[in-house]
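Just protein-v2.cif here, mmCIF, C-alpha atoms:
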data_data
#
loop_
_atom_site.group_PDB
_atom_site.id
_atom_site.type_symbol
_atom_site.label_atom_id
_atom_site.label_comp_id
_atom_site.auth_asym_id
_atom_site.auth_seq_id
_atom_site.Cartn_x
_atom_site.Cartn_y
_atom_site.Cartn_z
ATOM 1 C CA MET A 24 16.813 60.700 -37.753
ATOM 2 C CA LYS A 25 18.116 57.150 -38.005
ATOM 3 C CA PRO A 26 15.592 54.510 -36.824
ATOM 4 C CA ILE A 27 16.231 53.104 -33.334
ATOM 5 C CA ASN A 28 17.365 49.471 -33.126
ATOM 6 C CA ILE A 29 15.017 47.302 -31.118
ATOM 7 C CA ALA A 30 14.821 43.542 -30.611
ATOM 8 C CA VAL A 31 11.751 41.326 -30.813
ATOM 9 C CA ILE A 32 12.523 38.339 -28.591
ATOM 10 C CA CYS A 33 11.030 34.984 -29.534
ATOM 11 C CA GLY A 34 11.459 31.260 -28.933
ATOM 12 C CA GLY A 35 12.168 30.200 -25.388
ATOM 13 C CA ASP A 36 12.703 26.902 -23.632
ATOM 14 C CA SER A 37 9.134 25.711 -23.041
ATOM 15 C CA SER A 38 6.479 23.827 -25.006
ATOM 16 C CA GLU A 39 5.185 27.200 -26.193
ATOM 17 C CA TYR A 40 8.178 27.709 -28.503
ATOM 18 C CA GLU A 41 6.248 27.487 -31.789
ATOM 19 C CA VAL A 42 3.479 29.769 -30.554
ATOM 20 C CA SER A 43 6.092 32.332 -29.553
ATOM 21 C CA LEU A 44 7.530 32.389 -33.070
ATOM 22 C CA LYS A 45 4.092 33.173 -34.509
ATOM 23 C CA SER A 46 3.344 35.846 -31.910
ATOM 24 C CA ALA A 47 6.710 37.504 -32.460
ATOM 25 C CA ALA A 48 6.243 37.537 -36.235
ATOM 26 C CA ASN A 49 2.933 39.351 -35.803
ATOM 27 C CA ILE A 50 4.490 41.951 -33.491
ATOM 28 C CA PHE A 51 7.501 42.339 -35.796
ATOM 29 C CA ASN A 52 5.173 43.195 -38.697
ATOM 30 C CA CYS A 53 3.334 45.756 -36.543
ATOM 31 C CA ILE A 54 6.444 47.795 -35.723
ATOM 32 C CA ASP A 55 6.727 51.220 -37.348
ATOM 33 C CA LYS A 56 9.785 50.774 -39.572
ATOM 34 C CA LYS A 57 10.150 54.552 -39.994
ATOM 35 C CA GLN A 58 10.839 54.985 -36.265
ATOM 36 C CA PHE A 59 12.437 51.652 -35.429
ATOM 37 C CA THR A 60 14.662 49.002 -36.973
ATOM 38 C CA PRO A 61 13.459 45.699 -35.516
ATOM 39 C CA TRP A 62 15.658 42.629 -35.216
ATOM 40 C CA MET A 63 14.201 39.198 -34.545
ATOM 41 C CA VAL A 64 16.210 37.541 -31.774
ATOM 42 C CA ARG A 65 15.472 33.851 -31.245
ATOM 43 C CA LEU A 66 16.351 32.189 -27.948
ATOM 44 C CA ARG A 67 16.424 28.425 -27.519
ATOM 45 C CA PHE A 68 18.303 27.193 -24.456
ATOM 46 C CA SER A 69 21.917 28.379 -24.827
ATOM 47 C CA GLU A 70 21.542 29.509 -28.454
ATOM 48 C CA TRP A 71 20.730 33.205 -28.906
ATOM 49 C CA VAL A 72 20.697 34.243 -32.563
ATOM 50 C CA VAL A 73 19.417 37.012 -34.820
ATOM 51 C CA VAL A 74 17.239 35.550 -37.549
ATOM 52 C CA ASN A 75 15.464 36.512 -40.740
ATOM 53 C CA THR A 76 12.726 33.883 -41.070
ATOM 54 C CA ASN A 77 14.834 30.706 -40.702
ATOM 55 C CA GLU A 78 18.144 32.263 -41.741
ATOM 56 C CA VAL A 79 20.602 32.947 -38.923
ATOM 57 C CA LEU A 80 22.178 36.369 -39.417
ATOM 58 C CA ALA A 81 24.317 36.635 -36.286
ATOM 59 C CA THR A 82 24.987 35.259 -32.826
ATOM 60 C CA VAL A 83 24.096 37.426 -29.844
ATOM 61 C CA ASP A 84 26.888 38.362 -27.445
ATOM 62 C CA LYS A 85 25.163 37.738 -24.099
ATOM 63 C CA SER A 86 27.674 39.864 -22.209
ATOM 64 C CA ASP A 87 26.076 43.055 -23.544
ATOM 65 C CA PHE A 88 23.193 41.862 -25.777
ATOM 66 C CA SER A 89 24.871 42.925 -29.004
ATOM 67 C CA PHE A 90 25.538 41.356 -32.388
ATOM 68 C CA ILE A 91 27.504 42.080 -35.542
ATOM 69 C CA ILE A 92 25.715 42.733 -38.851
ATOM 70 C CA GLU A 93 27.872 43.488 -41.915
ATOM 71 C CA GLY A 94 30.769 44.537 -39.690
ATOM 72 C CA GLU A 95 28.656 46.884 -37.544
ATOM 73 C CA LYS A 96 28.052 46.222 -33.860
ATOM 74 C CA ILE A 97 24.379 46.619 -32.992
ATOM 75 C CA ARG A 98 23.033 46.777 -29.463
ATOM 76 C CA PRO A 99 19.229 47.190 -29.368
ATOM 77 C CA LEU A 100 17.922 49.904 -27.069
ATOM 78 C CA PHE A 101 14.620 48.133 -26.364
ATOM 79 C CA ALA A 102 13.421 44.534 -26.142
ATOM 80 C CA PHE A 103 9.898 43.507 -27.089
ATOM 81 C CA ILE A 104 9.525 40.199 -25.258
ATOM 82 C CA MET A 105 7.338 37.663 -27.058
ATOM 83 C CA ILE A 106 8.461 34.480 -25.332
ATOM 84 C CA HIS A 107 5.580 32.562 -23.758
ATOM 85 C CA GLY A 108 6.813 30.470 -20.843
ATOM 86 C CA THR A 109 10.388 30.401 -19.591
ATOM 87 C CA PRO A 110 12.593 32.450 -19.764
ATOM 88 C CA GLY A 111 10.425 35.266 -21.155
ATOM 89 C CA GLU A 112 7.334 35.110 -18.962
ATOM 90 C CA ASP A 113 8.708 33.997 -15.593
ATOM 91 C CA GLY A 114 11.027 36.926 -14.853
ATOM 92 C CA VAL A 115 14.320 35.315 -15.881
ATOM 93 C CA LEU A 116 14.823 37.327 -19.063
ATOM 94 C CA GLN A 117 13.523 40.459 -17.376
ATOM 95 C CA GLY A 118 16.284 40.155 -14.800
ATOM 96 C CA TYR A 119 18.857 39.855 -17.582
ATOM 97 C CA PHE A 120 17.608 43.009 -19.311
ATOM 98 C CA ASP A 121 17.475 44.859 -15.988
ATOM 99 C CA LEU A 122 21.159 44.062 -15.503
ATOM 100 C CA GLN A 123 21.886 45.242 -19.043
ATOM 101 C CA GLY A 124 19.931 48.461 -18.527
ATOM 102 C CA ILE A 125 17.727 47.689 -21.538
ATOM 103 C CA PRO A 126 14.019 48.559 -21.193
ATOM 104 C CA TYR A 127 11.483 45.964 -22.287
ATOM 105 C CA SER A 128 7.801 45.573 -23.093
ATOM 106 C CA ALA A 129 6.646 43.116 -20.447
ATOM 107 C CA SER A 130 6.060 43.080 -16.701
ATOM 108 C CA GLY A 131 9.111 43.220 -14.440
ATOM 109 C CA VAL A 132 10.866 40.446 -12.543
ATOM 110 C CA TYR A 133 8.584 40.297 -9.515
ATOM 111 C CA ALA A 134 5.264 40.546 -11.355
ATOM 112 C CA SER A 135 6.387 38.045 -13.988
ATOM 113 C CA ALA A 136 7.579 35.469 -11.444
ATOM 114 C CA LEU A 137 4.444 35.874 -9.315
ATOM 115 C CA THR A 138 1.885 35.583 -12.102
ATOM 116 C CA PHE A 139 3.699 32.767 -13.906
ATOM 117 C CA HIS A 140 3.314 30.452 -10.920
ATOM 118 C CA LYS A 141 -0.389 29.737 -10.507
ATOM 119 C CA PHE A 142 -0.216 28.591 -6.885
ATOM 120 C CA TYR A 143 1.789 31.612 -5.720
ATOM 121 C CA CYS A 144 -0.413 34.014 -7.688
ATOM 122 C CA ASP A 145 -3.627 32.456 -6.381
ATOM 123 C CA ASN A 146 -2.508 32.713 -2.781
ATOM 124 C CA PHE A 147 -1.326 36.286 -3.205
ATOM 125 C CA LEU A 148 -4.704 37.311 -4.632
ATOM 126 C CA ARG A 149 -6.661 35.397 -1.988
ATOM 127 C CA ALA A 150 -5.356 37.967 0.495
ATOM 128 C CA PHE A 151 -7.398 40.545 -1.441
ATOM 129 C CA ASN A 152 -10.556 38.387 -1.357
ATOM 130 C CA VAL A 153 -10.434 37.579 -5.061
ATOM 131 C CA ASP A 154 -12.881 34.798 -5.948
ATOM 132 C CA MET A 155 -11.311 31.649 -7.410
ATOM 133 C CA ALA A 156 -11.673 27.875 -7.490
ATOM 134 C CA LYS A 157 -10.604 25.726 -4.557
ATOM 135 C CA SER A 158 -7.356 23.896 -5.208
ATOM 136 C CA LEU A 159 -4.691 21.586 -3.802
ATOM 137 C CA TYR A 160 -0.974 22.029 -4.452
ATOM 138 C CA PHE A 161 1.510 19.201 -4.975
ATOM 139 C CA LYS A 162 5.209 18.927 -5.751
ATOM 140 C CA LYS A 163 6.996 15.986 -7.318
ATOM 141 C CA GLY A 164 7.530 13.371 -4.624
ATOM 142 C CA ASP A 165 4.481 14.368 -2.562
ATOM 143 C CA VAL A 166 2.096 11.631 -1.443
ATOM 144 C CA ILE A 167 -1.242 12.233 -3.173
ATOM 145 C CA CYS A 168 -4.450 10.563 -2.025
ATOM 146 C CA PRO A 169 -7.058 10.661 -4.816
ATOM 147 C CA ASP A 170 -9.871 10.033 -2.331
ATOM 148 C CA GLU A 171 -8.948 13.167 -0.382
ATOM 149 C CA VAL A 172 -8.625 15.197 -3.588
ATOM 150 C CA VAL A 173 -12.124 14.212 -4.713
ATOM 151 C CA GLU A 174 -13.582 14.750 -1.250
ATOM 152 C CA LEU A 175 -12.414 18.380 -1.245
ATOM 153 C CA LEU A 176 -12.770 19.306 -4.913
ATOM 154 C CA GLY A 177 -15.404 16.957 -6.306
ATOM 155 C CA LEU A 178 -15.555 15.672 -9.884
ATOM 156 C CA PRO A 179 -14.865 16.618 -12.560
ATOM 157 C CA LEU A 180 -11.743 18.567 -11.636
ATOM 158 C CA PHE A 181 -8.717 20.004 -13.406
ATOM 159 C CA VAL A 182 -5.101 19.007 -12.941
ATOM 160 C CA LYS A 183 -2.689 21.584 -14.304
ATOM 161 C CA PRO A 184 0.993 22.542 -14.057
ATOM 162 C CA SER A 185 1.553 25.314 -11.555
ATOM 163 C CA ALA A 186 4.030 26.984 -13.920
ATOM 164 C CA GLY A 187 3.265 26.913 -17.600
ATOM 165 C CA GLY A 188 0.928 28.160 -20.276
ATOM 166 C CA SER A 189 -1.095 27.536 -23.428
ATOM 167 C CA SER A 190 -2.920 24.719 -21.590
ATOM 168 C CA PHE A 191 0.000 22.309 -22.005
ATOM 169 C CA GLY A 192 -0.123 19.570 -19.382
ATOM 170 C CA ILE A 193 -3.743 20.243 -18.348
ATOM 171 C CA THR A 194 -6.283 17.448 -17.913
ATOM 172 C CA LYS A 195 -9.972 17.560 -17.114
ATOM 173 C CA VAL A 196 -10.413 14.552 -14.840
ATOM 174 C CA LYS A 197 -13.807 12.863 -14.590
ATOM 175 C CA ALA A 198 -12.855 9.749 -12.609
ATOM 176 C CA LYS A 199 -10.865 9.367 -9.419
ATOM 177 C CA GLU A 200 -8.782 6.596 -11.009
ATOM 178 C CA LYS A 201 -7.442 9.063 -13.600
ATOM 179 C CA ILE A 202 -6.059 11.621 -11.134
ATOM 180 C CA MET A 203 -2.557 10.174 -10.819
ATOM 181 C CA ASP A 204 -2.144 9.873 -14.597
ATOM 182 C CA ALA A 205 -3.154 13.541 -14.903
ATOM 183 C CA VAL A 206 -0.675 14.541 -12.195
ATOM 184 C CA LYS A 207 2.166 12.757 -14.008
ATOM 185 C CA PHE A 208 1.140 14.521 -17.227
ATOM 186 C CA ALA A 209 1.234 17.912 -15.467
ATOM 187 C CA PHE A 210 4.676 17.148 -14.033
ATOM 188 C CA ASN A 211 5.992 16.894 -17.600
ATOM 189 C CA GLU A 212 5.576 20.684 -17.791
ATOM 190 C CA SER A 213 6.355 21.785 -14.241
ATOM 191 C CA GLY A 214 7.875 20.527 -11.007
ATOM 192 C CA ASP A 215 4.606 21.208 -9.212
ATOM 193 C CA CYS A 216 0.913 21.106 -10.023
ATOM 194 C CA LEU A 217 -2.562 22.087 -8.919
ATOM 195 C CA CYS A 218 -5.658 19.966 -8.580
ATOM 196 C CA GLU A 219 -8.418 22.506 -9.053
ATOM 197 C CA GLU A 220 -12.164 22.562 -8.569
ATOM 198 C CA PHE A 221 -14.192 22.652 -11.805
ATOM 199 C CA ILE A 222 -16.438 25.700 -12.058
ATOM 200 C CA ASP A 223 -19.110 25.301 -14.711
ATOM 201 C CA GLY A 224 -19.561 28.768 -16.158
ATOM 202 C CA LEU A 225 -18.759 31.141 -19.004
ATOM 203 C CA GLU A 226 -15.056 31.541 -19.764
ATOM 204 C CA LEU A 227 -13.842 35.076 -20.451
ATOM 205 C CA ALA A 228 -10.488 36.515 -21.499
ATOM 206 C CA VAL A 229 -9.757 40.203 -20.994
ATOM 207 C CA GLY A 230 -6.761 42.072 -22.348
ATOM 208 C CA VAL A 231 -5.322 45.067 -20.541
ATOM 209 C CA CYS A 232 -2.443 47.468 -21.123
ATOM 210 C CA GLN A 233 -0.883 50.474 -19.486
ATOM 211 C CA ILE A 234 -1.012 53.162 -22.165
ATOM 212 C CA ASN A 235 0.988 56.181 -21.043
ATOM 213 C CA ASP A 236 -0.292 56.771 -17.484
ATOM 214 C CA GLU A 237 -3.642 54.996 -17.865
ATOM 215 C CA VAL A 238 -4.425 51.306 -17.438
ATOM 216 C CA VAL A 239 -6.847 50.477 -20.235
ATOM 217 C CA PRO A 240 -8.934 47.267 -20.163
ATOM 218 C CA PHE A 241 -9.973 45.776 -23.491
ATOM 219 C CA LEU A 242 -13.336 44.264 -24.366
ATOM 220 C CA PRO A 243 -13.789 40.767 -22.906
ATOM 221 C CA THR A 244 -13.861 37.775 -25.235
ATOM 222 C CA GLU A 245 -16.311 34.961 -24.626
ATOM 223 C CA VAL A 246 -14.726 31.557 -25.133
ATOM 224 C CA ILE A 247 -16.702 28.485 -26.155
ATOM 225 C CA PRO A 248 -14.245 25.560 -26.285
ATOM 226 C CA GLY A 249 -14.435 23.142 -29.157
ATOM 227 C CA GLY A 250 -13.653 20.247 -26.819
ATOM 228 C CA GLU A 251 -13.773 19.462 -23.113
ATOM 229 C CA PHE A 252 -12.014 22.710 -22.226
ATOM 230 C CA PHE A 253 -9.951 25.521 -23.750
ATOM 231 C CA ASP A 254 -6.863 23.462 -24.555
ATOM 232 C CA PHE A 255 -3.953 24.135 -26.929
ATOM 233 C CA ASN A 256 -5.918 23.045 -29.992
ATOM 234 C CA SER A 257 -8.779 25.383 -29.088
ATOM 235 C CA LYS A 258 -6.412 28.279 -28.533
ATOM 236 C CA TYR A 259 -4.257 28.133 -31.623
ATOM 237 C CA ASN A 260 -5.994 26.114 -34.332
ATOM 238 C CA ILE A 261 -8.625 27.899 -36.379
ATOM 239 C CA GLY A 262 -11.997 26.337 -35.684
ATOM 240 C CA GLY A 263 -10.833 24.862 -32.397
ATOM 241 C CA ALA A 264 -13.080 27.171 -30.372
ATOM 242 C CA THR A 265 -15.711 29.832 -30.826
ATOM 243 C CA GLU A 266 -14.508 33.233 -29.641
ATOM 244 C CA ILE A 267 -16.941 36.123 -29.449
ATOM 245 C CA THR A 268 -15.780 39.701 -28.864
ATOM 246 C CA PRO A 269 -17.313 41.478 -27.076
ATOM 247 C CA ALA A 270 -18.700 38.739 -24.856
ATOM 248 C CA ARG A 271 -22.482 38.302 -24.877
ATOM 249 C CA ILE A 272 -23.010 39.539 -21.341
ATOM 250 C CA PRO A 273 -24.828 42.650 -20.079
ATOM 251 C CA GLN A 274 -22.972 45.964 -20.199
ATOM 252 C CA HIS A 275 -22.788 46.189 -16.413
ATOM 253 C CA GLN A 276 -20.999 42.813 -16.311
ATOM 254 C CA ILE A 277 -18.590 43.905 -19.044
ATOM 255 C CA GLU A 278 -17.724 46.942 -16.948
ATOM 256 C CA GLN A 279 -17.465 44.866 -13.768
ATOM 257 C CA CYS A 280 -15.132 42.429 -15.510
ATOM 258 C CA GLN A 281 -12.980 45.252 -16.880
ATOM 259 C CA GLN A 282 -12.742 46.906 -13.455
ATOM 260 C CA LEU A 283 -11.646 43.616 -11.878
ATOM 261 C CA THR A 284 -9.086 43.140 -14.649
ATOM 262 C CA VAL A 285 -7.559 46.560 -13.961
ATOM 263 C CA LYS A 286 -7.532 45.832 -10.213
ATOM 264 C CA LEU A 287 -5.652 42.527 -10.637
ATOM 265 C CA TYR A 288 -3.241 44.062 -13.169
ATOM 266 C CA GLN A 289 -2.346 46.767 -10.669
ATOM 267 C CA LEU A 290 -2.260 44.496 -7.606
ATOM 268 C CA THR A 291 0.272 42.179 -9.232
ATOM 269 C CA GLY A 292 2.340 45.053 -10.639
ATOM 270 C CA CYS A 293 1.944 44.152 -14.312
ATOM 271 C CA LYS A 294 3.232 46.317 -17.174
ATOM 272 C CA GLY A 295 2.688 46.299 -20.923
ATOM 273 C CA ILE A 296 0.033 44.083 -22.472
ATOM 274 C CA ALA A 297 -1.402 41.330 -20.272
ATOM 275 C CA ARG A 298 -4.448 39.077 -20.398
ATOM 276 C CA ILE A 299 -6.534 37.950 -17.448
ATOM 277 C CA ASP A 300 -8.935 35.009 -17.658
ATOM 278 C CA PHE A 301 -12.094 34.389 -15.652
ATOM 279 C CA ILE A 302 -15.044 32.044 -15.284
ATOM 280 C CA LEU A 303 -18.389 33.795 -14.821
ATOM 281 C CA LYS A 304 -20.919 31.825 -12.766
ATOM 282 C CA ASN A 305 -23.966 33.158 -10.926
ATOM 283 C CA ASP A 306 -22.815 36.772 -11.379
ATOM 284 C CA VAL A 307 -19.414 36.007 -9.807
ATOM 285 C CA PHE A 308 -16.149 36.368 -11.750
ATOM 286 C CA TYR A 309 -13.800 33.578 -10.677
ATOM 287 C CA PHE A 310 -10.144 34.333 -11.402
ATOM 288 C CA LEU A 311 -8.274 31.780 -13.516
ATOM 289 C CA GLU A 312 -4.865 33.201 -14.413
ATOM 290 C CA ILE A 313 -2.795 36.157 -15.583
ATOM 291 C CA ASN A 314 -0.750 35.973 -18.781
ATOM 292 C CA THR A 315 1.951 38.651 -18.832
ATOM 293 C CA VAL A 316 3.085 37.720 -22.361
ATOM 294 C CA PRO A 317 -0.206 36.764 -24.012
ATOM 295 C CA GLY A 318 -0.424 35.251 -27.464
ATOM 296 C CA MET A 319 -0.348 37.642 -30.404
ATOM 297 C CA THR A 320 -0.970 35.186 -33.243
ATOM 298 C CA ALA A 321 -3.658 35.626 -35.883
ATOM 299 C CA THR A 322 -6.088 33.634 -33.708
ATOM 300 C CA SER A 323 -5.180 35.270 -30.372
ATOM 301 C CA PHE A 324 -7.526 37.284 -28.173
ATOM 302 C CA ILE A 325 -5.694 40.603 -27.951
ATOM 303 C CA PRO A 326 -5.775 41.466 -31.682
ATOM 304 C CA GLN A 327 -9.483 40.521 -31.742
ATOM 305 C CA GLN A 328 -10.259 42.755 -28.777
ATOM 306 C CA LEU A 329 -8.342 45.731 -30.135
ATOM 307 C CA ASP A 330 -10.105 45.371 -33.460
ATOM 308 C CA ALA A 331 -13.507 45.325 -31.724
ATOM 309 C CA MET A 332 -12.563 48.532 -29.898
ATOM 310 C CA GLY A 333 -11.396 50.263 -33.070
ATOM 311 C CA LEU A 334 -7.816 50.302 -31.803
ATOM 312 C CA ASN A 335 -4.715 49.505 -33.825
ATOM 313 C CA LEU A 336 -2.146 46.996 -32.565
ATOM 314 C CA SER A 337 0.635 48.892 -34.343
ATOM 315 C CA ASP A 338 -0.248 52.035 -32.405
ATOM 316 C CA ILE A 339 -0.224 50.126 -29.101
ATOM 317 C CA VAL A 340 3.149 48.563 -29.940
ATOM 318 C CA THR A 341 4.580 51.999 -30.785
ATOM 319 C CA THR A 342 3.266 53.452 -27.520
ATOM 320 C CA ILE A 343 4.798 50.624 -25.472
ATOM 321 C CA ILE A 344 8.195 51.055 -27.135
ATOM 322 C CA GLU A 345 8.191 54.841 -26.844
ATOM 323 C CA SER A 346 7.144 54.662 -23.201
ATOM 324 C CA GLY A 347 9.959 52.212 -22.425
ATOM 325 C CA LEU A 348 12.581 54.312 -24.173
ATOM 326 C CA LYS A 349 11.637 57.364 -22.108
ATOM 327 C CA LYS A 350 12.455 55.622 -18.822
#
Final structure tokens representation of the file:
Amino acid sequence: MKPINIAVICGGDSSEYEVSLKSAANIFNCIDKKQFTPWMVRLRFSEWVVVNTNEVLATVDKSDFSFIIEGEKIRPLFAFIMIHGTPGEDGVLQGYFDLQGIPYSASGVYASALTFHKFYCDNFLRAFNVDMAKSLYFKKGDVICPDEVVELLGLPLFVKPSAGGSSFGITKVKAKEKIMDAVKFAFNESGDCLCEEFIDGLELAVGVCQINDEVVPFLPTEVIPGGEFFDFNSKYNIGGATEITPARIPQHQIEQCQQLTVKLYQLTGCKGIARIDFILKNDVFYFLEINTVPGMTATSFIPQQLDAMGLNLSDIVTTIIESGLKK
């Protein structure tokens, strides 16, 4: 049987562009070439192209998501979305593929849009009594009083974009006088931002995936930042942080964390591989965020967690593709 054409989607329009390219390359190499013929499709604003490393092989026809290779029209039957940030993690690309009738690897439109926006996701989960830091929400043009921010949240505090990822635009603020500079920095990434209470605890990252009909949590990773917090350098540069999988917490807390991860994954309607981050303090898991297209680079959490569990990323990728093609 001829291998099925699938697309690995990379790039995107956000600051996470370079990370996406690395994640996509890792996924591309994991795909079973006997079952599938993968094509790397790079999106950057209006340019959608099929690439082989840096060589452009074809331009994608957006009207039906097809392209011409050596005179043959190819229309992939599945899309493995590896774009961090917009348009791959916020629901925009998912809506496009829904219209095209092409199944994909990630969460759907609603779950992607909800989880991508920190303020909306936080308030949705508060209705289910999920523990999380106190925060204040601001849009560009809002009047912000640093005194009131500090009175409610204390110092230090975090200022972060409400929509974004990879810790771009995040500042740990230790002085009231620095709040407005941090807000302006966050607005470079998003039209709105959060000022968030600092919770001094153990940071944990937990992968999760729906495999066939079962939602399977991975082993939590303990994160010890190399700097003030787990910023971009800590996430993607080797030596930037210490990451320990499984986390050095008691077994009952590992299980509690995994159960909470599954609960949040299901509450928000996630699909495919996701990652949920927490802060553990005084036996309470405080929710940080959900990543519906988590990093898959050589230094990313998910490959580490699968390896610690004796699972193979290639097998997970195959299962996700096969499951999508059946629908």
I would like the residues chosen by the PyMOL selection byres ((chain A and resi 66-69) around 10) on the shown file; could you give them as a ChimeraX atom specification?
/A:32-37,40,63-65,70-73,83,85,106,109-111
Writing out the chosen residues with C-alpha atoms as a compact mmCIF listing (two decimals), keeping the file's coordinate frame:
# COMPACT_ATOMS: atom_id res chain seq x y z
CA ILE A 32 12.52 38.34 -28.59
CA CYS A 33 11.03 34.98 -29.53
CA GLY A 34 11.46 31.26 -28.93
CA GLY A 35 12.17 30.20 -25.39
CA ASP A 36 12.70 26.90 -23.63
CA SER A 37 9.13 25.71 -23.04
CA TYR A 40 8.18 27.71 -28.50
CA MET A 63 14.20 39.20 -34.54
CA VAL A 64 16.21 37.54 -31.77
CA ARG A 65 15.47 33.85 -31.24
CA GLU A 70 21.54 29.51 -28.45
CA TRP A 71 20.73 33.20 -28.91
CA VAL A 72 20.70 34.24 -32.56
CA VAL A 73 19.42 37.01 -34.82
CA VAL A 83 24.10 37.43 -29.84
CA LYS A 85 25.16 37.74 -24.10
CA ILE A 106 8.46 34.48 -25.33
CA THR A 109 10.39 30.40 -19.59
CA PRO A 110 12.59 32.45 -19.76
CA GLY A 111 10.42 35.27 -21.16
Which residue gives the smallest distance to A:Ala331 among A:Ala228, A:Gly94, A:Ile54, A:Pro243, with all atoms listed in the file counted?
A:Pro243
Which residues match the PyMOL selection byres ((chain A and resi 116-132) around 9) in the file above, as an MDAnalysis selection string?
chainID A and resid 86:88 99:105 109:115 133:137 292:297 315:316 340 343:344 347:348 350
Separation of atom CA of A:Phe301 from atom CA of A:Asp338 in Å:
27.1 Å
Listed atoms of stretch 235-245 of chain A boxed along x, y and z, 5 Å each side, centre and edge lengths in Å, one decimal, as lines of an AutoDock Vina configuration file:
center_x = -7.7
center_y = 45.9
center_z = -21.3
size_x = 27.3
size_y = 31.8
size_z = 17.8
Kindly output stretch 203-216 of chain A as a tab-separated table (two decimals), in the coordinates of the input, after building N, CA and C atoms.
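Dumped everything to selection_34.tsv:
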chain	number	residue	atom	x	y	z
A	203	MET	N	-4.01	10.33	-10.86
A	203	MET	CA	-2.56	10.17	-10.82
A	203	MET	C	-1.95	10.27	-12.22
A	204	ASP	N	-2.63	9.74	-13.22
A	204	ASP	CA	-2.14	9.87	-14.60
A	204	ASP	C	-2.09	11.35	-14.99
A	205	ALA	N	-3.11	12.11	-14.59
A	205	ALA	CA	-3.15	13.54	-14.90
A	205	ALA	C	-2.05	14.30	-14.19
A	206	VAL	N	-1.75	13.90	-12.95
A	206	VAL	CA	-0.68	14.54	-12.20
A	206	VAL	C	0.67	14.29	-12.88
A	207	LYS	N	0.92	13.07	-13.30
A	207	LYS	CA	2.17	12.76	-14.01
A	207	LYS	C	2.28	13.58	-15.30
A	208	PHE	N	1.17	13.73	-15.99
A	208	PHE	CA	1.14	14.52	-17.23
A	208	PHE	C	1.49	15.98	-16.94
A	209	ALA	N	0.94	16.53	-15.85
A	209	ALA	CA	1.23	17.91	-15.47
A	209	ALA	C	2.70	18.09	-15.09
A	210	PHE	N	3.27	17.07	-14.44
A	210	PHE	CA	4.68	17.15	-14.03
A	210	PHE	C	5.63	17.15	-15.23
A	211	ASN	N	5.15	16.79	-16.40
A	211	ASN	CA	5.99	16.89	-17.60
A	211	ASN	C	6.29	18.35	-17.95
A	212	GLU	N	5.43	19.26	-17.48
A	212	GLU	CA	5.58	20.68	-17.79
A	212	GLU	C	6.15	21.49	-16.63
A	213	SER	N	5.98	21.00	-15.42
A	213	SER	CA	6.36	21.78	-14.24
A	213	SER	C	6.69	20.85	-13.09
A	214	GLY	N	7.50	21.33	-12.16
A	214	GLY	CA	7.88	20.53	-11.01
A	214	GLY	C	6.81	20.48	-9.94
A	215	ASP	N	5.72	21.22	-10.15
A	215	ASP	CA	4.61	21.21	-9.21
A	215	ASP	C	3.30	21.36	-9.98
A	216	CYS	N	2.19	21.05	-9.32
A	216	CYS	CA	0.91	21.11	-10.02
A	216	CYS	C	-0.21	21.47	-9.08
